[in-house]
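Peer 1: My structure is below; once you've seen it, I'll send some questions.
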Number of protein chains: 2
Amino acid sequence: MTEINKDLQNERKKCTFNIEELTEFVYGGPEKTQERRERENFLLSKKELFEGVPEEYLSHKDKYEQCIRKSVIIFQLFRQMQNEGKMTVSNYRDVVTQILGSTLVRDGSPLGLHYIMFMPTIITQANDEQQAKWLPRSWNCNIIGSYAQTELGHGTFVRGLETTATYDPSTKEFDLHSPSLTSYKWWPGGLGHTANYCILIAQLYTKGKCHGIHPFIVQLRDEETHVPLPGIKIGDIGAKLGLNEVNNGFLGFDHVRIPRDQMLMKHAQVLEDGTYIKSLNSKLNYGPMVFTRVVIVFDVANYLCKAATIATRYSAVRRQSQKKPGEQECQILDYLTQQHKIFPAIATCHALRIAGKKLWDTFNTINEQLIGGNLERLPELHALACCLKAVSTSDAAQCVERCRLACGGHGYMLSSNLPLTYGLVTAACTYEGENTVMLLQTARFLAKTWQQVDSIKLTPTVEYLKYSANEGCRKWENSVEQIIEAFKIISMKKIQSCVKDMENRVSSGTSFEDAWNMSSVQLVSAAEAHCRVIILSTFNEEIKEKSKNASPELAVVLNQLLELYTVYWALEKSGDLMQYTCISKEDLEGLRWWYEDILIQLRPNAVGVVDAFDIRDDFLHSTLGAYDGRVYERLMEEALKCPLNADVVNVSFHKYLKPFLRGKL
Amino acid sequence: MTEINKDLQNERKKCTFNIEELTEFVYGGPEKTQERRERENFLLSKKELFEGVPEEYLSHKDKYEQCIRKSVIIFQLFRQMQNEGKMTVSNYRDVVTQILGSTLVRDGSPLGLHYIMFMPTIITQANDEQQAKWLPRSWNCNIIGSYAQTELGHGTFVRGLETTATYDPSTKEFDLHSPSLTSYKWWPGGLGHTANYCILIAQLYTKGKCHGIHPFIVQLRDEETHVPLPGIKIGDIGAKLGLNEVNNGFLGFDHVRIPRDQMLMKHAQVLEDGTYIKSLNSKLNYGPMVFTRVVIVFDVANYLCKAATIATRYSAVRRQSQKKPGEQECQILDYLTQQHKIFPAIATCHALRIAGKKLWDTFNTINEQLIGGNLERLPELHALACCLKAVSTSDAAQCVERCRLACGGHGYMLSSNLPLTYGLVTAACTYEGENTVMLLQTARFLAKTWQQVDSIKLTPTVEYLKYSANEGCRKWENSVEQIIEAFKIISMKKIQSCVKDMENRVSSGTSFEDAWNMSSVQLVSAAEAHCRVIILSTFNEEIKEKSKNASPELAVVLNQLLELYTVYWALEKSGDLMQYTCISKEDLEGLRWWYEDILIQLRPNAVGVVDAFDIRDDFLHSTLGAYDGRVYERLMEEALKCPLNADVVNVSFHKYLKPFLRGKL
């Protein structure tokens with residue numbers, strides 16, 4: 001055990017609450033905390049995972065090869081867990097995403113989509129016969145699948161996909177074809193060189209008619225040689241901001257034929273003669289999409305925990321500027337401006353995790369109703385999942401970036417792990433539904449709800465629309481509850497004003513689509529306000545509830561986090577507050593004082609609060625954020641691993657630089 | 001010539017103004033535009049610059065080697081320009097930064113600091129004898145220098161540097177030493193493996209006394225073999241978010257000796273016997289620092305022009321979602337939410353460039369006064385440079401990132417050039433003065449000024465503080481001028497309230513330093529508001545002035561850009577407007593309508609406006625942003641350059657993947 005940095009020792013000494021108690025609060029009790037640690041111990045015992053040159057120094061190609069080496073070790077673990085009964089078809093997605101999220105394969109894995117999309121699609125979309133055929137081989141990883149939907153020219157607007165699957169009754173086959181460059185599949189993880197199968201989403205044609213997009217299972221490469229099958233053009237799409245180990249691929253078909261039974265036929269079907277039988281209820285497929293969004297919310301919250309841990313510990317170790325001449329330089333964590341950059345990020349970790357849990361619970365409740373045939377709350381679930389996905393990814397990305405910038409120059413080093421973390425989180429702003437599109441989906445639900453506010457029974461997450469509409473301008477007082485009420489009023493008034501504007505435009509001859517577009521900037525901001533209501537209320541309820549059984553010391557800290565988060569957002573949206581509520585200029589000034597006061601209250605516990613996220617060094621992977629605070633030693637150690645440093649004189653000196661210096665070039 | 005994308009052709013057809021006229025407005029007239037194009041033609045004629053595997057696929061080491069190969073070609077060009085008299089000691093920094101900024105070496109150059117910091121320091125800090133010795137060899141690039149100031153443990157607080165230079169009168173040498181790990185130099189560009197000399201900033205000790213930091217010229221490597229000299233530990237600091245071709249290095253000394261005449265002695269001196277002679281006026285060294293900040297403002301504005309060009313052209317080419325079933329999908333540039341992401345970035349390009357010019361002019365005016373011995377306006381210049389550096393880099397970084405996100409998944413591809421552009425711009429938020437520290441410097445000047453507002457004659461950029469203090473709450477009307485006035489009031493009221501808070505705290509016993517810290521979040525926001533006053537006023541004046549001689553068609557567009565920028569910032573700061581000015585809720589609503597209206601007005605000219613930035617494809621370096629709009633073709637072409645795609649089956653399949661699939665691992 002190396003010696004712990006003195007400043008970190010002091011921080012931990014002055015912590016006023018029990019860190020383990022907060023850890024258990026975060027991970028849902030002592031059992032789950034224990035389970036998580038055991039899984040981590042298992043991974044940590046695999047020494048091969050920690051060998052090799054750090055990824056950041058490798059070429060794109062070497063990164064891929066190293067990642068495959070490490071990925072199969074991790075996926076062996078999954079197999080072992082299956083054999084021991086610790087991972088089953090019903091819990092595996094949880095386990096897999098948690099393990100990949102705690103991320104030993106730092107920049108994603110080419111095998112991830114196999115578990116996260118390929119298998120789930122077989123489970124939800126294949127009929128029994130098809131499941132019997134494909135599931136065991138997938139489950140045992142005898143085949144590796146990807147999920148090919150997005151195309152070079154088509155993303156969010158799924159109906160615009162161009163790839164065709166045309167049924168030929170004479171051979172009982174589908175003819176798969178990419179009619180244009182823009183129809184090439186583009187982005188699927190693991191598709192480039194790793195997967196030998198994929199789920200393909202294509203426009204189904206039979207008897208000369210298009211029936212829209214449907215899923216197919218397609219073999220891409222020979223199982224023995226891994227050579228792409230005839231008619232298949234496939235490869236890696238190239239380097240990206242992040243996710244460079246995911247082997248995202250492109251895929252084109254030149255009239256490739258697959259048998260009829262490789263269209264997944266649990267819902268819609270194509271009979272031997274080419275007759276198309278429609279799905280009875282296409283909305284039942286909605287579950288997996290919501291599930292993925294729940295996973296994203298948890299995922300970005302986890303990444304943010306890392307960033308907050310790194311920035312907080314580094315700020316306790318880093319010293320800069322003397323307050324008075326001759327004094328030791330200050331810990332930068334003592335600067336209010338630094339607290340203002342980092343502490344809201346810490347509070348956001350909790351807020352997003354709790355919101356994710358809320359979404360998960362709502363999903364499960366509504367999913368049961370769905371299975372029972374009750375589709376009433378489906379639009380609400382959709383609206384909730386959309387806005388939470390958008391706001392959580394966008395907030396997390398901004399918080400991670402603030403944490404990175406708070407670490408100054410060293411935050412710019414890849415060895416801090418902050419740039420990579422940002423790369424992963426910001427990606428989530430775009431994938432699985434681009435954020436602006438997501439917020440507009442929520443806005444559409446809100447607008448519809450508003451138009452019927454007096455005539456229908458409102459579902460729980462939008463009940464406040466009715467109630468707030470009847471609120472007058474009562475006396476304001478600065479409190480968490482009042483701020484939540486304020487966001488309800490903001491959300492309601494914004495949606496009200498958008499609906500009014502659109503109605504006016506439509507009645508003066510504008511088409512609904514154009515009126516919608518004209519109001520869309522405001523609609524996005526209405527949906528965001530609605531989402532703030534959800535996140536703030538859920539956070540408030542959870543903290544109030546959990547504080548009852550917590551130790552008084554922890555309850556104080558939990559309440560500070562709640563207040564910090566709430567007041568931070570009130571100040572961020574002060575323009576909305578002043579425009580739509582009856583807050584006064586003096587109240588707003590009071591909020592600023594309150595905010596600064598909580599920063600100072602939280603300061604002594606800052607390191608303890610991030611310690612409670614309980615992220616081990618091997619998973620945190622950061623020179624700046626390790627538990628022992630050996631920041632400078634680690635920075636130097638990582639620099640020395642740079643292969644450029646293996647030679648004191650680089651070959652380019654003799655080849656290019658020396659002739660240039662001598663004027664001989 | 002390849003065919004231009006149809007949508008881009010249409011966009012250019014409907015452009016209402018003369019694009020070349022706007023280009024000349026941007027680059028300061030037809031002559032400068034012409035000069036710039038000639039320089040670019042020269043670079044474009046060097047075919048070797050465009051050979052080799054794209055940098056994003058290379059390892060850290062290969063990137064460095066390829067960059068040295070390309071850099072010497074570019075620096076040969078500088079030599080040639082010197083020989084032809086096109087580049088002289090008085091203009092070279094301009095030329096170099098422009099060329100490096102237009103950036104053929106996409107991710108920085110290890111030779112850049114030689115021109116940007118090493119030579120300027122010799123010119124401004126070496127005495128005549130020293131200049132005679134070192135300048136010709138530097139000018140001819142017979143030696144390559146770096147500039148070593150920042151240390152592993154010390155950045156912004158320069159007085160805290162640890163490296164020592166101790167004078168030994170017995171040998172007439174300085175003993176250079178790194179007393180700790182944190183004293184290692186860390187970050188200097190080109191220091192790792194490229195430079196053989198550096199300017200070293202170290203604490204000067206003579207006769208047992210420390211005299212603070214001074215500059216020394218130090219040889220690092222043997223000129224013949226490039227092997228580091230004895231006692232010197234040197235290498236690359238490792239991979240970063242960006243700037244990975246800059247070869248940032250670390251450097252430690254183990255009692256390395258240099259002769260006395262290698263301390264740069266234009267100002268302070270150490271005599272042979274060790275007597276220290278103080279500099280007469282240390283403030284005269286201030287010029288280069290301001291110059292560097294001017295360069296940064298122009299630099300980030302240039303990068304933003306690239307990002308805006310890429311996002312705008314891509315949004316004209318990309319089509320997504322049908323407004324009505326059966327219709328062709330829309331250009332995403334038609335969505336108001338997309339315009340809201342991109343158009344403010346376009347306007348910001350102009351605002352920042354004009355602000356940079358203002359800073360440059362002020363610098364020159366004040367510099368002449370300085371040379372004449374008049375130091376009166378120095379604090380003002382410092383305050384101006386600090387806040388403009390901070391706000392321009394931070395705004396540019398945010399705008400670049402919005403542009404990237406506006407390009408969806410494809411913006412995440414390195415081949416879009418958006419991630420790299422972000423990496424370069426966000427770096428500027430930290431280097432040459434961390435932004436929060438910069439804003440606090442400006443705030444310090446504002447606070448001091450405010451405390452004397454009634455007793456001194458205010459310098460031009462802060463004159464408004466006095467005037468605004470006497471403003472009552474007159475009737476608001478939505479106009480550019482009114483919004484500028486509003487920011488003046490906001491700035492004034494914020495600084496007023498900070499000063500009052502600090503005075504209250506101090507009079508109740510808090511130390512000034514602690515009171516300052518307690519107010520620092522507000523002080524930062526006061527400095528930002530002040531900077532908005534500067535940028536908005538300068539933008540307004542310039543557009544009003546230049547519109548007089550512009551064609552009416554261009555004048556309309558220029559005015560739209562000004563309005564867009566001004567109203568955008570009014571809405572962004574609506575909370576401040578409502579708290580500190582007499583704007584009403586209805587006025588604010590009116591601003592929103594105005595804003596949306598300008599977006600729509602600007603829409604038809606969007607592509608023309610970015611075309612006018614006149615950035616050629618070879619410098620734009622983007623699959624998404626090229627002039628011809630062949631977005632999808634270029635994405636695929638770049639993907640195919642990925643070395644991973646050279647083999648249809650990667651070696652890792654046989655080595656790791658196949659055994660795993662067979663369950664034999």
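Residues in the structure tokens are named by chain (A, B, ... in the order shown) and by number from 1 within that chain; ligands are numbered from 1 in the order shown.
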Define the interface residues of chain A facing chain B as those within 6 Å, counting only C-alpha atoms, and report them as a ChimeraX atom specification.

Peer 2: /A:57-61,65,69,141-142,157,235,237-241,321,337,408,412-414,419,430,521,574-575,579,585,639,642,644-645,652,656,661

Peer 1: Mind writing the picked residues with N, CA, C and O atoms as a compact mmCIF listing (two decimals), in the first residue's frame?

Peer 2:
# COMPACT_ATOMS: atom_id res chain seq x y z
N TYR A 57 -1.93 5.26 -26.61
CA TYR A 57 -0.73 5.37 -27.43
C TYR A 57 -0.79 4.51 -28.69
O TYR A 57 0.10 4.56 -29.53
N LEU A 58 -1.83 3.68 -28.78
CA LEU A 58 -1.90 2.71 -29.88
C LEU A 58 -2.56 3.30 -31.13
O LEU A 58 -3.33 4.24 -31.05
N SER A 59 -2.26 2.68 -32.25
CA SER A 59 -2.95 3.02 -33.49
C SER A 59 -4.37 2.47 -33.42
O SER A 59 -4.67 1.60 -32.59
N HIS A 60 -5.23 2.96 -34.29
CA HIS A 60 -6.61 2.50 -34.35
C HIS A 60 -6.67 0.97 -34.48
O HIS A 60 -7.47 0.31 -33.82
N LYS A 61 -5.79 0.43 -35.29
CA LYS A 61 -5.78 -1.01 -35.53
C LYS A 61 -5.30 -1.77 -34.30
O LYS A 61 -5.91 -2.77 -33.88
N GLU A 65 -7.16 -4.65 -31.80
CA GLU A 65 -6.65 -5.99 -31.50
C GLU A 65 -6.47 -6.19 -30.00
O GLU A 65 -6.81 -7.24 -29.47
N ARG A 69 -8.53 -8.93 -27.49
CA ARG A 69 -7.84 -9.76 -26.50
C ARG A 69 -8.48 -9.62 -25.13
O ARG A 69 -8.79 -10.60 -24.45
N CYS A 141 -22.40 -17.77 -27.01
CA CYS A 141 -21.39 -17.03 -27.78
C CYS A 141 -20.70 -17.91 -28.81
O CYS A 141 -19.50 -17.76 -29.05
N ASN A 142 -21.44 -18.86 -29.41
CA ASN A 142 -20.86 -19.59 -30.53
C ASN A 142 -20.94 -18.74 -31.79
O ASN A 142 -20.19 -18.93 -32.74
N PHE A 157 -34.84 9.20 -38.37
CA PHE A 157 -36.09 8.93 -39.09
C PHE A 157 -36.03 7.51 -39.66
O PHE A 157 -35.62 7.27 -40.80
N GLY A 235 -16.83 -3.33 -43.21
CA GLY A 235 -15.56 -2.81 -42.68
C GLY A 235 -15.80 -1.85 -41.53
O GLY A 235 -16.95 -1.62 -41.11
N ILE A 237 -15.83 1.86 -39.73
CA ILE A 237 -16.15 3.19 -40.26
C ILE A 237 -15.07 4.24 -39.96
O ILE A 237 -15.13 5.36 -40.43
N GLY A 238 -14.08 3.88 -39.17
CA GLY A 238 -12.97 4.81 -38.93
C GLY A 238 -12.96 5.39 -37.53
O GLY A 238 -13.77 5.03 -36.68
N ALA A 239 -12.04 6.33 -37.31
CA ALA A 239 -11.80 6.86 -35.97
C ALA A 239 -12.86 7.87 -35.57
O ALA A 239 -13.40 8.60 -36.39
N LYS A 240 -13.15 7.90 -34.27
CA LYS A 240 -14.20 8.75 -33.72
C LYS A 240 -13.68 9.50 -32.50
O LYS A 240 -12.61 9.21 -31.99
N LEU A 241 -14.49 10.42 -32.01
CA LEU A 241 -14.17 11.17 -30.79
C LEU A 241 -13.95 10.22 -29.62
O LEU A 241 -13.10 10.45 -28.76
N SER A 321 -1.63 29.17 -5.68
CA SER A 321 -1.68 30.55 -5.20
C SER A 321 -1.71 30.65 -3.68
O SER A 321 -2.41 29.88 -3.02
N THR A 337 -15.09 29.35 -6.68
CA THR A 337 -15.31 29.13 -8.12
C THR A 337 -15.08 27.66 -8.49
O THR A 337 -15.74 27.14 -9.38
N GLY A 408 -7.82 21.90 -15.02
CA GLY A 408 -6.80 22.65 -15.74
C GLY A 408 -6.10 21.84 -16.81
O GLY A 408 -6.70 20.96 -17.43
N TYR A 412 -6.63 17.77 -19.38
CA TYR A 412 -6.55 17.61 -20.84
C TYR A 412 -5.74 16.37 -21.22
O TYR A 412 -5.79 15.90 -22.35
N MET A 413 -5.00 15.83 -20.23
CA MET A 413 -4.23 14.59 -20.47
C MET A 413 -5.19 13.41 -20.54
O MET A 413 -6.06 13.27 -19.68
N LEU A 414 -5.00 12.53 -21.51
CA LEU A 414 -5.86 11.35 -21.57
C LEU A 414 -5.72 10.50 -20.32
O LEU A 414 -6.65 9.83 -19.90
N PRO A 419 -11.05 13.17 -20.63
CA PRO A 419 -11.45 13.33 -22.04
C PRO A 419 -12.21 12.11 -22.57
O PRO A 419 -13.23 12.26 -23.24
N THR A 430 -26.38 11.70 -28.73
CA THR A 430 -26.76 11.49 -30.12
C THR A 430 -27.36 10.11 -30.37
O THR A 430 -28.38 9.98 -31.04
N VAL A 521 -38.22 25.77 -30.97
CA VAL A 521 -37.21 26.15 -29.98
C VAL A 521 -37.86 26.26 -28.60
O VAL A 521 -37.31 25.79 -27.59
N SER A 574 -32.96 31.38 -13.96
CA SER A 574 -33.52 32.55 -13.27
C SER A 574 -34.39 33.39 -14.21
O SER A 574 -35.36 34.01 -13.77
N GLY A 575 -34.05 33.41 -15.49
CA GLY A 575 -34.87 34.16 -16.44
C GLY A 575 -36.29 33.61 -16.50
O GLY A 575 -37.28 34.36 -16.47
N GLN A 579 -39.72 35.34 -15.31
CA GLN A 579 -40.79 35.59 -16.28
C GLN A 579 -42.11 34.91 -15.92
O GLN A 579 -43.17 35.46 -16.16
N LYS A 585 -36.90 40.15 -7.18
CA LYS A 585 -35.45 40.35 -7.33
C LYS A 585 -34.72 40.03 -6.03
O LYS A 585 -33.62 39.50 -6.04
N ALA A 639 3.33 8.93 -18.42
CA ALA A 639 4.10 9.53 -19.52
C ALA A 639 5.23 8.59 -19.93
O ALA A 639 5.52 8.42 -21.12
N CYS A 642 4.75 5.99 -22.56
CA CYS A 642 4.58 6.42 -23.96
C CYS A 642 5.71 5.84 -24.81
O CYS A 642 6.88 6.10 -24.55
N LEU A 644 6.93 6.61 -27.49
CA LEU A 644 7.82 7.63 -28.05
C LEU A 644 9.01 7.85 -27.12
O LEU A 644 10.09 8.26 -27.56
N ASN A 645 8.82 7.58 -25.84
CA ASN A 645 9.90 7.81 -24.87
C ASN A 645 10.87 6.63 -24.76
O ASN A 645 11.84 6.70 -24.01
N SER A 652 12.95 10.37 -36.59
CA SER A 652 12.66 11.52 -37.45
C SER A 652 13.73 12.60 -37.35
O SER A 652 13.85 13.44 -38.23
N TYR A 656 14.52 13.79 -40.98
CA TYR A 656 13.93 15.06 -41.42
C TYR A 656 14.50 16.28 -40.71
O TYR A 656 14.77 17.30 -41.33
N LEU A 661 17.59 21.49 -40.04
CA LEU A 661 18.39 22.40 -39.20
C LEU A 661 19.67 22.84 -39.92
O LEU A 661 20.13 23.97 -39.78

Peer 1: Please provide the set of residues having any atom within 12 Å of Lys389 in chain A, restricted to only C-alpha atoms, with same-chain residues fewer than 5 positions apart removed, written as an MDAnalysis selection string.

Peer 2: chainID A and resid 289:301 352:353 355:356 359 381:384 394:396 425 428:439 441:442 527:528 531 535

Peer 1: Residues as selected, C-alpha atoms, written as a PDB file, in the first residue's frame, can you do that?

Peer 2:
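Output file part.pdb is given in full below:
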ATOM      1  CA  MET A 289     -36.347   0.838 -26.456  1.00  0.00           C
ATOM      2  CA  VAL A 290     -37.424   2.195 -23.084  1.00  0.00           C
ATOM      3  CA  PHE A 291     -35.151  -0.300 -21.391  1.00  0.00           C
ATOM      4  CA  THR A 292     -32.184   0.957 -23.413  1.00  0.00           C
ATOM      5  CA  ARG A 293     -32.950   4.512 -22.335  1.00  0.00           C
ATOM      6  CA  VAL A 294     -33.080   3.482 -18.685  1.00  0.00           C
ATOM      7  CA  VAL A 295     -29.667   1.906 -19.166  1.00  0.00           C
ATOM      8  CA  ILE A 296     -28.371   5.138 -20.697  1.00  0.00           C
ATOM      9  CA  VAL A 297     -29.520   7.228 -17.743  1.00  0.00           C
ATOM     10  CA  PHE A 298     -27.721   4.908 -15.294  1.00  0.00           C
ATOM     11  CA  ASP A 299     -24.740   4.745 -17.583  1.00  0.00           C
ATOM     12  CA  VAL A 300     -24.144   8.479 -17.841  1.00  0.00           C
ATOM     13  CA  ALA A 301     -24.757   8.847 -14.109  1.00  0.00           C
ATOM     14  CA  LEU A 352     -29.753  11.318 -12.292  1.00  0.00           C
ATOM     15  CA  ARG A 353     -29.358   7.963 -10.617  1.00  0.00           C
ATOM     16  CA  ALA A 355     -34.383   9.710 -11.840  1.00  0.00           C
ATOM     17  CA  GLY A 356     -33.145   6.595 -13.651  1.00  0.00           C
ATOM     18  CA  LEU A 359     -37.966   5.653 -14.915  1.00  0.00           C
ATOM     19  CA  LEU A 381     -43.857   6.313 -20.575  1.00  0.00           C
ATOM     20  CA  HIS A 382     -42.532   7.255 -23.982  1.00  0.00           C
ATOM     21  CA  ALA A 383     -42.540  10.963 -23.132  1.00  0.00           C
ATOM     22  CA  LEU A 384     -40.834  10.278 -19.832  1.00  0.00           C
ATOM     23  CA  SER A 394     -26.874  16.495 -21.880  1.00  0.00           C
ATOM     24  CA  ASP A 395     -26.490  17.464 -18.207  1.00  0.00           C
ATOM     25  CA  ALA A 396     -23.984  14.692 -17.591  1.00  0.00           C
ATOM     26  CA  VAL A 425     -21.050  10.582 -22.380  1.00  0.00           C
ATOM     27  CA  ALA A 428     -25.087   9.331 -25.670  1.00  0.00           C
ATOM     28  CA  CYS A 429     -26.498  12.764 -26.570  1.00  0.00           C
ATOM     29  CA  THR A 430     -26.763  11.492 -30.124  1.00  0.00           C
ATOM     30  CA  TYR A 431     -27.245   7.737 -30.134  1.00  0.00           C
ATOM     31  CA  GLU A 432     -30.527   5.992 -29.324  1.00  0.00           C
ATOM     32  CA  GLY A 433     -32.470   9.114 -30.269  1.00  0.00           C
ATOM     33  CA  GLU A 434     -30.857  12.503 -30.836  1.00  0.00           C
ATOM     34  CA  ASN A 435     -31.572  14.764 -27.873  1.00  0.00           C
ATOM     35  CA  THR A 436     -33.439  17.556 -29.657  1.00  0.00           C
ATOM     36  CA  VAL A 437     -35.645  15.015 -31.401  1.00  0.00           C
ATOM     37  CA  MET A 438     -36.232  13.315 -28.045  1.00  0.00           C
ATOM     38  CA  LEU A 439     -37.315  16.556 -26.376  1.00  0.00           C
ATOM     39  CA  GLN A 441     -41.257  13.904 -28.753  1.00  0.00           C
ATOM     40  CA  THR A 442     -41.908  14.771 -25.135  1.00  0.00           C
ATOM     41  CA  ALA A 527     -39.973  19.706 -22.527  1.00  0.00           C
ATOM     42  CA  GLU A 528     -36.774  20.457 -20.660  1.00  0.00           C
ATOM     43  CA  CYS A 531     -38.092  17.040 -17.234  1.00  0.00           C
ATOM     44  CA  ILE A 535     -35.971  15.023 -11.786  1.00  0.00           C
TER      45      ILE A 535
END

Peer 1: Pick out the residues sitting within 10 Å of Ala486 in chain B, and hand them over as a list in words; count only C-alpha atoms, and ignore anything fewer than 6 positions along from it in its own chain.

Peer 2: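 Near Ala486 in chain B, the qualifying residues are Ser468, Trp476, Val480, Met492, Ala529, Val533, Ala570, Asp576, Leu577, Met578, Tyr580, Thr581, Cys582 and Ile583 of chain B.
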
Peer 1: For the structure I just gave you, how does DSSP split range 50-182 of chain B - specifically, which residues are strand (DSSP E or B)? Reply as a list in words.

Peer 2: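 Answer for range 50-182 of chain B, restricted to strand (DSSP E or B): Gly145, Ser146, Tyr147, Ala148, Glu151, His154, Thr164, Ala165, Thr166, Tyr167, Asp168, Glu173, Phe174, Asp175, Leu176 and His177 of chain B.
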
Peer 1: Quick one: write out the picked residues with C-alpha atoms as a compact mmCIF listing (two decimals), in the first residue's frame?

Peer 2:
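The resulting file, out-v1.txt, is reproduced below:
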# COMPACT_ATOMS: atom_id res chain seq x y z
CA GLY B 145 13.83 26.16 -29.21
CA SER B 146 10.96 25.58 -26.84
CA TYR B 147 9.73 27.70 -23.91
CA ALA B 148 9.79 25.95 -20.55
CA GLU B 151 5.80 22.75 -14.15
CA HIS B 154 2.72 24.77 -10.97
CA THR B 164 16.20 26.86 -9.44
CA ALA B 165 19.10 28.63 -11.18
CA THR B 166 21.77 29.22 -8.55
CA TYR B 167 24.70 31.42 -9.46
CA ASP B 168 28.17 30.14 -8.59
CA GLU B 173 27.97 29.53 -13.99
CA PHE B 174 24.36 28.92 -13.07
CA ASP B 175 23.48 25.59 -11.56
CA LEU B 176 20.06 24.51 -12.89
CA HIS B 177 18.17 22.10 -10.71

Peer 1: Name the residues in contact with Asp501 in chain B at a cut-off of 10 Å, using only C-alpha atoms, excluding same-chain residues fewer than 3 positions from it; report them as a list in words.

Peer 2: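 Selected residues are Ile495, Gln496, Ser497, Cys498, Asn504, Arg505, Val506, Ser507, Ala515, Trp516, Met518 and Ser519 of chain B.
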
Peer 1: Report as a VMD selection string all protein, DNA and RNA residues lying within 9 Å of Leu620 in chain A, evaluated on only C-alpha atoms, omitting residues in the same chain fewer than 5 positions from it.

Peer 2: chain A and resid 102 to 103 306 to 307 309 to 310 417 615 625 to 626

Peer 1: What gap, in Å, lies between CA of Lys32 in chain B and CA of Pro288 in chain B?

Peer 2: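 Interatomic distance, CA of Lys32 in chain B to CA of Pro288 in chain B: 24.2 Å.
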
Peer 1: In Å, with one decimal, what is the gap from CA of Met502 in chain B to CA of Gln451 in chain B?

Peer 2: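 According to the coordinates, CA of Met502 in chain B and CA of Gln451 in chain B are separated by 11.5 Å.
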